[in-house]
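To be precise, the following lines are start.pdb, and they hold PDB, C-alpha atoms and all ligand atoms.
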ATOM      1  CA  MET A  14       7.920 -16.005   0.470
ATOM      2  CA  ASP A  15       8.184 -17.757   3.786
ATOM      3  CA  LEU A  16       4.605 -18.983   4.302
ATOM      4  CA  GLU A  17       2.231 -21.234   2.425
ATOM      5  CA  VAL A  18      -1.467 -20.980   3.226
ATOM      6  CA  THR A  19      -4.657 -22.659   2.084
ATOM      7  CA  ILE A  20      -7.340 -20.633   0.297
ATOM      8  CA  ARG A  21     -10.386 -21.429   2.398
ATOM      9  CA  GLU A  22     -12.851 -19.258   0.516
ATOM     10  CA  ILE A  23     -13.049 -16.829  -2.395
ATOM     11  CA  ARG A  24     -15.974 -14.412  -2.302
ATOM     12  CA  ARG A  25     -17.324 -12.111  -4.954
ATOM     13  CA  GLU A  26     -17.521  -8.757  -3.167
ATOM     14  CA  THR A  27     -18.369  -6.646  -6.242
ATOM     15  CA  SER A  28     -18.104  -7.054 -10.009
ATOM     16  CA  GLU A  29     -14.390  -6.191  -9.742
ATOM     17  CA  ILE A  30     -13.393  -7.209  -6.222
ATOM     18  CA  ARG A  31     -12.870 -10.685  -4.756
ATOM     19  CA  SER A  32     -12.029 -11.383  -1.149
ATOM     20  CA  PHE A  33      -9.841 -14.302  -0.153
ATOM     21  CA  ILE A  34      -9.880 -16.045   3.215
ATOM     22  CA  LEU A  35      -6.493 -17.645   3.811
ATOM     23  CA  GLU A  36      -5.914 -20.151   6.579
ATOM     24  CA  PRO A  37      -2.841 -21.918   7.893
ATOM     25  CA  ARG A  38      -2.071 -25.392   6.667
ATOM     26  CA  PRO A  39      -2.939 -28.204   9.104
ATOM     27  CA  GLY A  40      -0.783 -28.079  12.222
ATOM     28  CA  GLU A  41       0.529 -24.579  11.448
ATOM     29  CA  THR A  42      -0.363 -21.117  12.725
ATOM     30  CA  LEU A  43      -0.347 -17.674  11.140
ATOM     31  CA  PRO A  44       1.955 -14.929  12.454
ATOM     32  CA  PRO A  45       0.029 -12.190  14.271
ATOM     33  CA  PHE A  46      -0.382  -8.817  12.585
ATOM     34  CA  ARG A  47      -1.025  -5.240  13.620
ATOM     35  CA  PRO A  48      -3.825  -3.101  12.122
ATOM     36  CA  GLY A  49      -2.856  -1.621   8.742
ATOM     37  CA  ALA A  50      -0.476  -4.486   7.893
ATOM     38  CA  HIS A  51      -0.137  -6.082   4.469
ATOM     39  CA  ILE A  52       1.316  -9.284   3.056
ATOM     40  CA  ASP A  53       3.190 -10.010  -0.154
ATOM     41  CA  VAL A  54       1.332 -12.578  -2.218
ATOM     42  CA  CYS A  55       2.698 -14.687  -5.065
ATOM     43  CA  PRO A  56      -0.344 -15.884  -7.074
ATOM     44  CA  VAL A  57       1.760 -17.358  -9.861
ATOM     45  CA  PRO A  58       5.543 -17.511 -10.294
ATOM     46  CA  GLY A  59       6.943 -14.142 -11.342
ATOM     47  CA  PHE A  60       4.193 -12.035  -9.746
ATOM     48  CA  ILE A  61       4.408 -10.584  -6.264
ATOM     49  CA  ARG A  62       1.743  -8.186  -5.091
ATOM     50  CA  GLN A  63       0.942  -6.509  -1.786
ATOM     51  CA  TYR A  64      -2.493  -6.797  -0.245
ATOM     52  CA  SER A  65      -3.648  -5.307   3.039
ATOM     53  CA  LEU A  66      -5.023  -7.559   5.730
ATOM     54  CA  ALA A  67      -8.670  -6.647   6.225
ATOM     55  CA  GLY A  68      -9.574  -9.075   8.996
ATOM     56  CA  ASP A  69      -9.583  -8.669  12.745
ATOM     57  CA  PRO A  70      -5.996  -8.535  14.067
ATOM     58  CA  ALA A  71      -7.225 -10.295  17.213
ATOM     59  CA  ASP A  72      -8.400 -13.324  15.189
ATOM     60  CA  GLY A  73      -5.375 -15.470  14.370
ATOM     61  CA  SER A  74      -7.374 -18.181  12.594
ATOM     62  CA  HIS A  75      -7.141 -16.658   9.115
ATOM     63  CA  TYR A  76      -6.065 -13.724   6.961
ATOM     64  CA  LEU A  77      -8.576 -11.812   4.831
ATOM     65  CA  ILE A  78      -7.525  -9.847   1.757
ATOM     66  CA  GLY A  79      -9.436  -8.022  -0.967
ATOM     67  CA  VAL A  80      -8.253  -7.899  -4.580
ATOM     68  CA  LYS A  81      -9.596  -5.572  -7.246
ATOM     69  CA  ARG A  82      -9.045  -6.726 -10.806
ATOM     70  CA  GLU A  83      -7.086  -3.891 -12.387
ATOM     71  CA  GLN A  84      -7.988  -3.632 -16.078
ATOM     72  CA  ASN A  85      -4.761  -1.825 -16.906
ATOM     73  CA  GLY A  86      -2.628  -3.547 -14.276
ATOM     74  CA  ARG A  87       0.459  -5.669 -14.855
ATOM     75  CA  GLY A  88      -1.327  -9.003 -14.473
ATOM     76  CA  GLY A  89      -1.038  -9.679 -10.728
ATOM     77  CA  SER A  90      -4.669  -8.938  -9.863
ATOM     78  CA  SER A  91      -5.899 -10.861 -12.932
ATOM     79  CA  ALA A  92      -3.853 -13.859 -11.798
ATOM     80  CA  MET A  93      -5.427 -13.575  -8.332
ATOM     81  CA  HIS A  94      -8.903 -13.559  -9.888
ATOM     82  CA  SER A  95      -8.435 -16.208 -12.546
ATOM     83  CA  GLN A  96      -5.752 -18.624 -11.351
ATOM     84  CA  LEU A  97      -6.651 -19.239  -7.713
ATOM     85  CA  GLN A  98      -9.236 -21.686  -6.449
ATOM     86  CA  GLU A  99     -10.731 -22.542  -3.106
ATOM     87  CA  GLY A 100      -8.764 -25.349  -1.474
ATOM     88  CA  GLY A 101      -5.598 -24.395  -3.338
ATOM     89  CA  THR A 102      -2.446 -23.083  -1.718
ATOM     90  CA  LEU A 103      -0.822 -19.670  -1.953
ATOM     91  CA  LYS A 104       2.668 -18.460  -1.087
ATOM     92  CA  ILE A 105       2.687 -15.327   1.060
ATOM     93  CA  SER A 106       5.108 -13.331   3.198
ATOM     94  CA  ARG A 107       4.834 -12.642   6.886
ATOM     95  CA  PRO A 108       2.786  -9.487   7.634
ATOM     96  CA  LYS A 109       4.585  -6.149   7.209
ATOM     97  CA  ASN A 110       3.322  -2.765   8.286
ATOM     98  CA  ASN A 111       3.934   0.675   6.743
ATOM     99  CA  PHE A 112       0.569   2.015   7.905
ATOM    100  CA  ALA A 113       0.407   1.547  11.655
ATOM    101  CA  LEU A 114      -2.133   3.080  14.009
ATOM    102  CA  ARG A 115      -0.754   5.833  16.215
ATOM    103  CA  ASP A 116      -1.507   6.053  19.872
ATOM    104  CA  THR A 117      -2.232   9.798  20.112
ATOM    105  CA  GLY A 118      -5.233   9.697  22.433
ATOM    106  CA  GLY A 119      -7.205  11.758  19.897
ATOM    107  CA  ARG A 120      -9.964  10.937  17.446
ATOM    108  CA  SER A 121      -9.194   8.748  14.431
ATOM    109  CA  ILE A 122     -10.865   9.507  11.116
ATOM    110  CA  LEU A 123     -10.676   6.602   8.686
ATOM    111  CA  LEU A 124     -11.183   7.628   5.051
ATOM    112  CA  ALA A 125     -11.468   4.821   2.510
ATOM    113  CA  GLY A 126     -11.760   5.156  -1.260
ATOM    114  CA  GLY A 127     -12.911   1.963  -3.006
ATOM    115  CA  ILE A 128     -10.639  -1.041  -2.460
ATOM    116  CA  GLY A 129      -8.562   1.219  -0.172
ATOM    117  CA  VAL A 130     -11.010   0.141   2.510
ATOM    118  CA  THR A 131      -9.022  -3.030   3.298
ATOM    119  CA  PRO A 132      -6.351  -1.770   5.736
ATOM    120  CA  LEU A 133      -8.896   0.537   7.354
ATOM    121  CA  LEU A 134     -11.123  -2.427   8.167
ATOM    122  CA  SER A 135      -8.415  -3.997  10.318
ATOM    123  CA  MET A 136      -7.876  -0.608  11.964
ATOM    124  CA  ALA A 137     -11.585  -0.198  12.702
ATOM    125  CA  GLN A 138     -11.759  -3.654  14.279
ATOM    126  CA  ALA A 139      -8.738  -2.911  16.474
ATOM    127  CA  LEU A 140      -9.977   0.551  17.497
ATOM    128  CA  ALA A 141     -13.422  -0.839  18.320
ATOM    129  CA  SER A 142     -12.018  -3.664  20.416
ATOM    130  CA  GLU A 143      -9.968  -1.136  22.396
ATOM    131  CA  ARG A 144     -13.022   1.131  22.677
ATOM    132  CA  LEU A 145     -11.166   4.008  21.050
ATOM    133  CA  SER A 146     -13.061   6.741  19.290
ATOM    134  CA  PHE A 147     -13.160   6.720  15.488
ATOM    135  CA  ASP A 148     -15.279   7.731  12.508
ATOM    136  CA  PHE A 149     -15.169   5.693   9.328
ATOM    137  CA  HIS A 150     -16.071   7.221   5.944
ATOM    138  CA  TYR A 151     -16.295   4.818   3.037
ATOM    139  CA  PHE A 152     -16.364   6.369  -0.441
ATOM    140  CA  ALA A 153     -17.411   4.147  -3.340
ATOM    141  CA  ARG A 154     -18.616   4.643  -6.887
ATOM    142  CA  SER A 155     -22.029   3.189  -6.070
ATOM    143  CA  ASN A 156     -23.839   0.986  -3.597
ATOM    144  CA  GLY A 157     -23.072  -1.984  -5.861
ATOM    145  CA  GLU A 158     -19.340  -1.254  -5.665
ATOM    146  CA  LEU A 159     -19.210  -1.595  -1.893
ATOM    147  CA  ALA A 160     -16.816  -4.389  -0.895
ATOM    148  CA  PHE A 161     -16.878  -6.041   2.546
ATOM    149  CA  ARG A 162     -20.443  -4.946   3.153
ATOM    150  CA  ASP A 163     -21.191  -8.050   5.265
ATOM    151  CA  LEU A 164     -18.101  -7.607   7.404
ATOM    152  CA  ILE A 165     -19.129  -4.037   8.205
ATOM    153  CA  THR A 166     -22.856  -4.554   8.700
ATOM    154  CA  THR A 167     -22.346  -7.520  11.063
ATOM    155  CA  SER A 168     -19.704  -5.700  13.125
ATOM    156  CA  GLY A 169     -20.351  -3.963  16.410
ATOM    157  CA  TRP A 170     -19.106  -0.683  14.892
ATOM    158  CA  SER A 171     -21.307  -0.568  11.789
ATOM    159  CA  ARG A 172     -23.032   2.597  13.039
ATOM    160  CA  GLN A 173     -19.727   4.432  12.964
ATOM    161  CA  VAL A 174     -19.483   3.948   9.200
ATOM    162  CA  ALA A 175     -20.861   6.605   6.843
ATOM    163  CA  TYR A 176     -21.160   5.730   3.154
ATOM    164  CA  HIS A 177     -20.646   8.219   0.331
ATOM    165  CA  PHE A 178     -21.501   7.152  -3.204
ATOM    166  CA  GLY A 179     -20.505   8.551  -6.577
ATOM    167  CA  LEU A 180     -18.938  11.748  -5.283
ATOM    168  CA  VAL A 181     -16.551  13.695  -7.484
ATOM    169  CA  PRO A 182     -15.187  17.224  -7.042
ATOM    170  CA  PRO A 183     -16.543  19.738  -6.204
ATOM    171  CA  LEU A 184     -19.180  17.779  -4.248
ATOM    172  CA  LEU A 185     -16.481  15.471  -2.876
ATOM    173  CA  ASN A 186     -14.598  18.514  -1.549
ATOM    174  CA  ASP A 187     -17.748  19.837   0.135
ATOM    175  CA  VAL A 188     -18.388  16.528   1.900
ATOM    176  CA  LEU A 189     -14.746  16.250   2.984
ATOM    177  CA  ASP A 190     -14.847  19.860   4.211
ATOM    178  CA  GLU A 191     -17.649  18.867   6.513
ATOM    179  CA  ILE A 192     -15.896  15.709   7.749
ATOM    180  CA  LEU A 193     -12.497  17.306   8.306
ATOM    181  CA  ARG A 194     -13.461  20.619   9.840
ATOM    182  CA  SER A 195     -12.067  21.576  13.257
ATOM    183  CA  PRO A 196      -9.182  19.120  13.761
ATOM    184  CA  GLY A 197      -8.267  18.507  17.399
ATOM    185  CA  PRO A 198      -4.575  18.638  18.359
ATOM    186  CA  ASP A 199      -4.286  14.838  18.725
ATOM    187  CA  ASP A 200      -6.640  13.811  15.928
ATOM    188  CA  VAL A 201      -5.321  11.664  13.090
ATOM    189  CA  ILE A 202      -6.604  10.900   9.589
ATOM    190  CA  TYR A 203      -5.899   7.429   8.167
ATOM    191  CA  LEU A 204      -6.359   7.491   4.421
ATOM    192  CA  CYS A 205      -6.245   4.834   1.722
ATOM    193  CA  GLY A 206      -7.656   4.890  -1.791
ATOM    194  CA  PRO A 207      -6.874   5.802  -5.379
ATOM    195  CA  GLY A 208      -4.317   8.585  -5.910
ATOM    196  CA  PRO A 209      -6.783  11.274  -7.108
ATOM    197  CA  PHE A 210      -9.032  10.617  -4.091
ATOM    198  CA  MET A 211      -6.090  10.891  -1.713
ATOM    199  CA  ASP A 212      -4.951  14.100  -3.421
ATOM    200  CA  VAL A 213      -8.361  15.704  -2.826
ATOM    201  CA  VAL A 214      -8.403  14.573   0.808
ATOM    202  CA  GLY A 215      -4.873  15.941   1.305
ATOM    203  CA  ALA A 216      -5.821  19.327  -0.155
ATOM    204  CA  VAL A 217      -9.025  19.630   1.887
ATOM    205  CA  ALA A 218      -7.230  18.542   5.080
ATOM    206  CA  GLU A 219      -4.510  21.128   4.538
ATOM    207  CA  GLN A 220      -7.091  23.859   3.993
ATOM    208  CA  ALA A 221      -8.928  22.786   7.125
ATOM    209  CA  GLY A 222      -5.730  23.198   9.141
ATOM    210  CA  TRP A 223      -4.645  19.580   9.590
ATOM    211  CA  PRO A 224      -0.866  19.324  10.072
ATOM    212  CA  ALA A 225       0.788  17.178   7.371
ATOM    213  CA  ASP A 226       1.969  14.599   9.904
ATOM    214  CA  ALA A 227      -1.596  14.030  11.125
ATOM    215  CA  VAL A 228      -2.594  12.649   7.717
ATOM    216  CA  ILE A 229      -1.315   9.077   7.428
ATOM    217  CA  LEU A 230      -1.480   7.502   3.989
ATOM    218  CA  GLU A 231      -1.296   4.027   2.552
ATOM    219  CA  HIS A 232      -0.365   4.061  -1.127
ATOM    220  CA  PHE A 233      -1.121   1.270  -3.559
ATOM    221  CA  SER A 234       1.683   2.372  -5.860
ATOM    222  CA  ALA A 235       3.950   5.312  -6.462
ATOM    223  CA  ASP A 236       3.468   7.357  -9.585
ATOM    224  CA  PRO A 237       5.739   6.094 -12.328
ATOM    225  CA  PRO A 238       8.866   8.189 -12.697
ATOM    226  CA  LYS A 239       8.774  10.720 -15.489
ATOM    227  CA  LEU A 240      11.464   9.805 -17.980
ATOM    228  CA  THR A 241      12.754  12.201 -20.592
ATOM    229  CA  PRO A 242      14.390  10.285 -23.431
ATOM    230  CA  GLY A 243      17.932  11.436 -23.984
ATOM    231  CA  ALA A 244      18.065  13.542 -20.854
ATOM    232  CA  ASP A 245      18.035  11.032 -18.042
ATOM    233  CA  GLU A 246      20.949   8.698 -18.714
ATOM    234  CA  PHE A 247      23.296   8.275 -15.778
ATOM    235  CA  VAL A 248      25.862   5.856 -14.432
ATOM    236  CA  ILE A 249      25.662   3.689 -11.339
ATOM    237  CA  ARG A 250      28.874   2.458  -9.761
ATOM    238  CA  LEU A 251      28.567  -0.637  -7.568
ATOM    239  CA  ALA A 252      31.230   0.012  -4.946
ATOM    240  CA  LYS A 253      31.506  -3.559  -3.650
ATOM    241  CA  ARG A 254      31.887  -5.006  -7.129
ATOM    242  CA  SER A 255      33.877  -2.191  -8.774
ATOM    243  CA  ILE A 256      31.429  -2.208 -11.696
ATOM    244  CA  GLU A 257      29.913   0.738 -13.542
ATOM    245  CA  LEU A 258      26.661   0.415 -15.473
ATOM    246  CA  VAL A 259      24.842   2.918 -17.657
ATOM    247  CA  VAL A 260      21.148   3.407 -16.870
ATOM    248  CA  PRO A 261      19.343   4.566 -20.023
ATOM    249  CA  PRO A 262      16.237   6.777 -19.843
ATOM    250  CA  ASP A 263      13.841   3.926 -20.594
ATOM    251  CA  LYS A 264      15.047   1.413 -17.999
ATOM    252  CA  ALA A 265      14.744   1.142 -14.255
ATOM    253  CA  ILE A 266      17.920   0.594 -12.258
ATOM    254  CA  ILE A 267      16.749  -2.869 -11.186
ATOM    255  CA  GLU A 268      16.353  -3.849 -14.842
ATOM    256  CA  VAL A 269      19.882  -2.708 -15.615
ATOM    257  CA  LEU A 270      21.168  -4.634 -12.604
ATOM    258  CA  ARG A 271      19.298  -7.767 -13.656
ATOM    259  CA  GLU A 272      20.647  -7.591 -17.165
ATOM    260  CA  ALA A 273      24.126  -7.490 -15.625
ATOM    261  CA  GLY A 274      23.291 -10.618 -13.598
ATOM    262  CA  ILE A 275      23.000  -8.721 -10.303
ATOM    263  CA  GLU A 276      19.868  -9.459  -8.296
ATOM    264  CA  ILE A 277      18.780  -7.281  -5.436
ATOM    265  CA  GLN A 278      15.757  -8.267  -3.439
ATOM    266  CA  THR A 279      12.529  -6.604  -4.588
ATOM    267  CA  SER A 280       8.863  -7.067  -3.925
ATOM    268  CA  CYS A 281       6.410  -4.416  -5.134
ATOM    269  CA  GLU A 282       8.746  -2.861  -7.724
ATOM    270  CA  GLN A 283       6.524   0.212  -7.424
ATOM    271  CA  GLY A 284       8.346   2.167  -4.742
ATOM    272  CA  VAL A 285       5.929   1.268  -1.993
ATOM    273  CA  CYS A 286       7.224  -1.627   0.098
ATOM    274  CA  GLY A 287      10.834  -0.704   0.871
ATOM    275  CA  THR A 288      12.226  -4.179   0.127
ATOM    276  CA  CYS A 289      14.795  -2.857  -2.348
ATOM    277  CA  VAL A 290      16.104   0.062  -0.238
ATOM    278  CA  THR A 291      19.805   0.432  -1.038
ATOM    279  CA  PRO A 292      22.543   2.563   0.551
ATOM    280  CA  VAL A 293      23.949   5.397  -1.564
ATOM    281  CA  LEU A 294      27.586   6.407  -1.016
ATOM    282  CA  GLU A 295      27.880   9.257  -3.493
ATOM    283  CA  GLY A 296      25.721  11.238  -5.906
ATOM    284  CA  GLU A 297      22.208  12.598  -5.648
ATOM    285  CA  PRO A 298      19.226  10.233  -5.931
ATOM    286  CA  GLU A 299      15.997  11.329  -7.572
ATOM    287  CA  HIS A 300      13.412   9.787  -5.255
ATOM    288  CA  ASN A 301      10.283   8.491  -6.959
ATOM    289  CA  ASP A 302       9.102   6.186  -4.175
ATOM    290  CA  MET A 303       6.436   6.491  -1.520
ATOM    291  CA  PHE A 304       8.366   4.545   1.120
ATOM    292  CA  LEU A 305      11.244   6.628   2.478
ATOM    293  CA  SER A 306      10.658   9.302   5.102
ATOM    294  CA  ASP A 307      11.404  12.944   4.335
ATOM    295  CA  GLU A 308      14.531  12.723   6.526
ATOM    296  CA  GLU A 309      15.785   9.662   4.666
ATOM    297  CA  ARG A 310      15.252  11.362   1.321
ATOM    298  CA  THR A 311      16.987  14.539   2.430
ATOM    299  CA  SER A 312      19.956  12.620   3.814
ATOM    300  CA  GLY A 313      20.509  11.116   0.333
ATOM    301  CA  HIS A 314      21.996   7.973   1.919
ATOM    302  CA  LEU A 315      19.199   5.604   0.887
ATOM    303  CA  PHE A 316      17.055   5.134  -2.189
ATOM    304  CA  THR A 317      14.764   2.624  -3.889
ATOM    305  CA  PRO A 318      16.268   1.414  -7.177
ATOM    306  CA  CYS A 319      12.985  -0.096  -8.376
ATOM    307  CA  VAL A 320      11.559   3.343  -9.219
ATOM    308  CA  SER A 321      14.107   5.973  -8.226
ATOM    309  CA  ARG A 322      16.806   7.378 -10.458
ATOM    310  CA  ALA A 323      19.671   9.892 -10.200
ATOM    311  CA  LYS A 324      19.813  13.657 -10.463
ATOM    312  CA  SER A 325      23.592  13.485 -10.671
ATOM    313  CA  LYS A 326      25.444  11.890 -13.581
ATOM    314  CA  LEU A 327      26.945   9.273 -11.229
ATOM    315  CA  LEU A 328      25.401   7.394  -8.327
ATOM    316  CA  VAL A 329      27.673   5.207  -6.206
ATOM    317  CA  LEU A 330      25.783   2.394  -4.502
ATOM    318  CA  ASP A 331      26.982   0.323  -1.568
ATOM    319  CA  ILE A 332      26.316  -3.024  -3.237
TER     320      ILE A 332
HETATM  321  S1  LIG A 401      10.674  -3.233  -4.409
HETATM  322 FE1  LIG A 401       9.194  -2.225  -3.208
HETATM  323  S2  LIG A 401      10.080  -0.273  -2.950
HETATM  324 FE2  LIG A 401      11.386  -1.207  -4.368
END

Go through the file and emit its structure as structure tokens.
Amino acid sequence: MDLEVTIREIRRETSEIRSFILEPRPGETLPPFRPGAHIDVCPVPGFIRQYSLAGDPADGSHYLIGVKREQNGRGGSSAMHSQLQEGGTLKISRPKNNFALRDTGGRSILLAGGIGVTPLLSMAQALASERLSFDFHYFARSNGELAFRDLITTSGWSRQVAYHFGLVPPLLNDVLDEILRSPGPDDVIYLCGPGPFMDVVGAVAEQAGWPADAVILEHFSADPPKLTPGADEFVIRLAKRSIELVVPPDKAIIEVLREAGIEIQTSCEQGVCGTCVTPVLEGEPEHNDMFLSDEERTSGHLFTPCVSRAKSKLLVLDI
């Protein structure tokens, strides 16, 4: 974590979502960010989580993030909600971006599900300031579950936002059908939300004729790898150390490495951020991440040891 910021304000957005306004410490400045960027946040030692920057990329005075308390999470969002106070400090990374806007010249359709609205807010602010055409559809469970309402309603682009409450399939599919019909050749969908929501959007977009590369996704986390006890044991050989380690079915490669005293840099540990990407010299990785491109996966030369495993009995890593 290379930055320390002051928590200027914590706002209750909904019963489950808090927003945090983070400002530089006196005499310091914040690195600029591009729409769709996120930061790593360390609320308490041992927890690192990624949160999208929801504020205006043109406003360098502060960062704005939104955090939903995940009831079944691993403790990071609870720590954000319960351990942080206004006026306190927070360690964060510089902004990173896996979800950048594309300059296609076409229409942008921003589709947000719940807390997935955060990166799309920075995109909307950037598109509006460049006077580029976009439509923003914000899906939430109910009116009361709408985070960042004030930010949207006081913006100059509030009329471009359509709200959809409490929709589930098949009604959700019908509404998406309407929104996504007739894609233009340069149009792009930017999508962020819970996995099931994104799956429905992906299916409707495909049916409506959107090419796969025109649907740009931001994932919160990859699905956990499916482990079959007794069937998934394999060996990793660390070429630079001449060490071989057995990876049992119930352990991630990074856990096995840690137990052997070998640390590789990680951040999300959910296959999303790319921090742990490691070169593969031999063997066939089983990719469980959401970070690598299709070409990188097919090449087999890189993988993410936080969530990925091996299809072959031996994987030789360049570490
Ligand atoms: S630590 Fe984020 S992808 Fe592995």

Exercise for review: Tell me which residues the PyMOL selection byres (((chain A and resi 76) around 8) and not hetatm) grabs here, as a list in words.
Suggested key: Ile34, Leu35, Glu36, Leu66, Ala67, Gly68, Gly73, Ser74, His75, Leu77 and Ile78 of chain A

Could you turn the residues from that selection into a file that holds C-alpha atoms, as a PDB file, in the frame of the given file?
ATOM      1  CA  ILE A  34      -9.880 -16.045   3.215  1.00  0.00           C
ATOM      2  CA  LEU A  35      -6.493 -17.645   3.811  1.00  0.00           C
ATOM      3  CA  GLU A  36      -5.914 -20.151   6.579  1.00  0.00           C
ATOM      4  CA  LEU A  66      -5.023  -7.559   5.730  1.00  0.00           C
ATOM      5  CA  ALA A  67      -8.670  -6.647   6.225  1.00  0.00           C
ATOM      6  CA  GLY A  68      -9.574  -9.075   8.996  1.00  0.00           C
ATOM      7  CA  GLY A  73      -5.375 -15.470  14.370  1.00  0.00           C
ATOM      8  CA  SER A  74      -7.374 -18.181  12.594  1.00  0.00           C
ATOM      9  CA  HIS A  75      -7.141 -16.658   9.115  1.00  0.00           C
ATOM     10  CA  LEU A  77      -8.576 -11.812   4.831  1.00  0.00           C
ATOM     11  CA  ILE A  78      -7.525  -9.847   1.757  1.00  0.00           C
TER      12      ILE A  78
END

Exercise for review: Find the spatial neighbours of Arg250 in chain A, counting only C-alpha atoms, within a cut-off of 6 Å - ignore same-chain residues fewer than 5 positions away - and output them as a ChimeraX atom specification.
Suggested key: /A:256-257,329

Those same residues - C-alpha atoms - I'd like them written as a PDB file, in the frame of the given file.
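Output file result-v5.pdb is given in full below:
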ATOM      1  CA  ILE A 256      31.429  -2.208 -11.696  1.00  0.00           C
ATOM      2  CA  GLU A 257      29.913   0.738 -13.542  1.00  0.00           C
ATOM      3  CA  VAL A 329      27.673   5.207  -6.206  1.00  0.00           C
TER       4      VAL A 329
END

Exercise for review: Using only C-alpha atoms, give me every residue within 10 Å of (3.8, -8.7, -2.5) in file coordinates, as an MDAnalysis selection string.
Suggested key: chainID A and resid 14 51:56 60:65 89 104:106 279:282 286 288

Check your understanding: Residues picked by the PyMOL selection byres (((chain A and resi 152) around 8) and not hetatm) here, as a PyMOL selection string?
Key -> chain A and resi 124-127+150-151+153-154+176-180

Review point. What do you get as a PyMOL selection string if you pick all residues at most 10 Å from ligand LIG 401 (chain A), counting all atoms listed in the file?
Key: chain A and resi 61-63+234-235+267+277-291+301-305+316-321

Practice item. Would you mind listing what lies within 9 Å of Gly129 in chain A as a ChimeraX atom specification, with only C-alpha atoms counted and same-chain residues fewer than 5 positions away left out? Key: /A:65,124,204-207,231-233

Let me have the centre and edge lengths of the axis-aligned box enclosing all listed atoms of range 200-210 of chain A with 8 Å padding on every side, in Å to one decimal, as AutoDock Vina command-line options.
--center_x -6.7 --center_y 9.3 --center_z 4.4 --size_x 20.7 --size_y 25.0 --size_z 39.0

Practice item. May I have the residues at most 12 Å from (-21.2, 2.3, 10.9) in the file's coordinates, counting all atoms listed in the file, as a PyMOL selection string? Key: chain A and resi 123+134+137-138+141+147-151+162-176

Review point. What is the CA of Arg24 in chain A-CA of Asp72 in chain A distance in Å, reported with one decimal?
Key: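 CA of Asp72 in chain A lies at a distance of 19.1 Å from CA of Arg24 in chain A.
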
Exercise for review: Name the residues captured by the PyMOL selection byres (((chain A and resi 213) around 10) and not hetatm) when it is applied to the shown file; answer as a PyMOL selection string.
Suggested key: chain A and resi 181-183+185-186+189+208-212+214-219
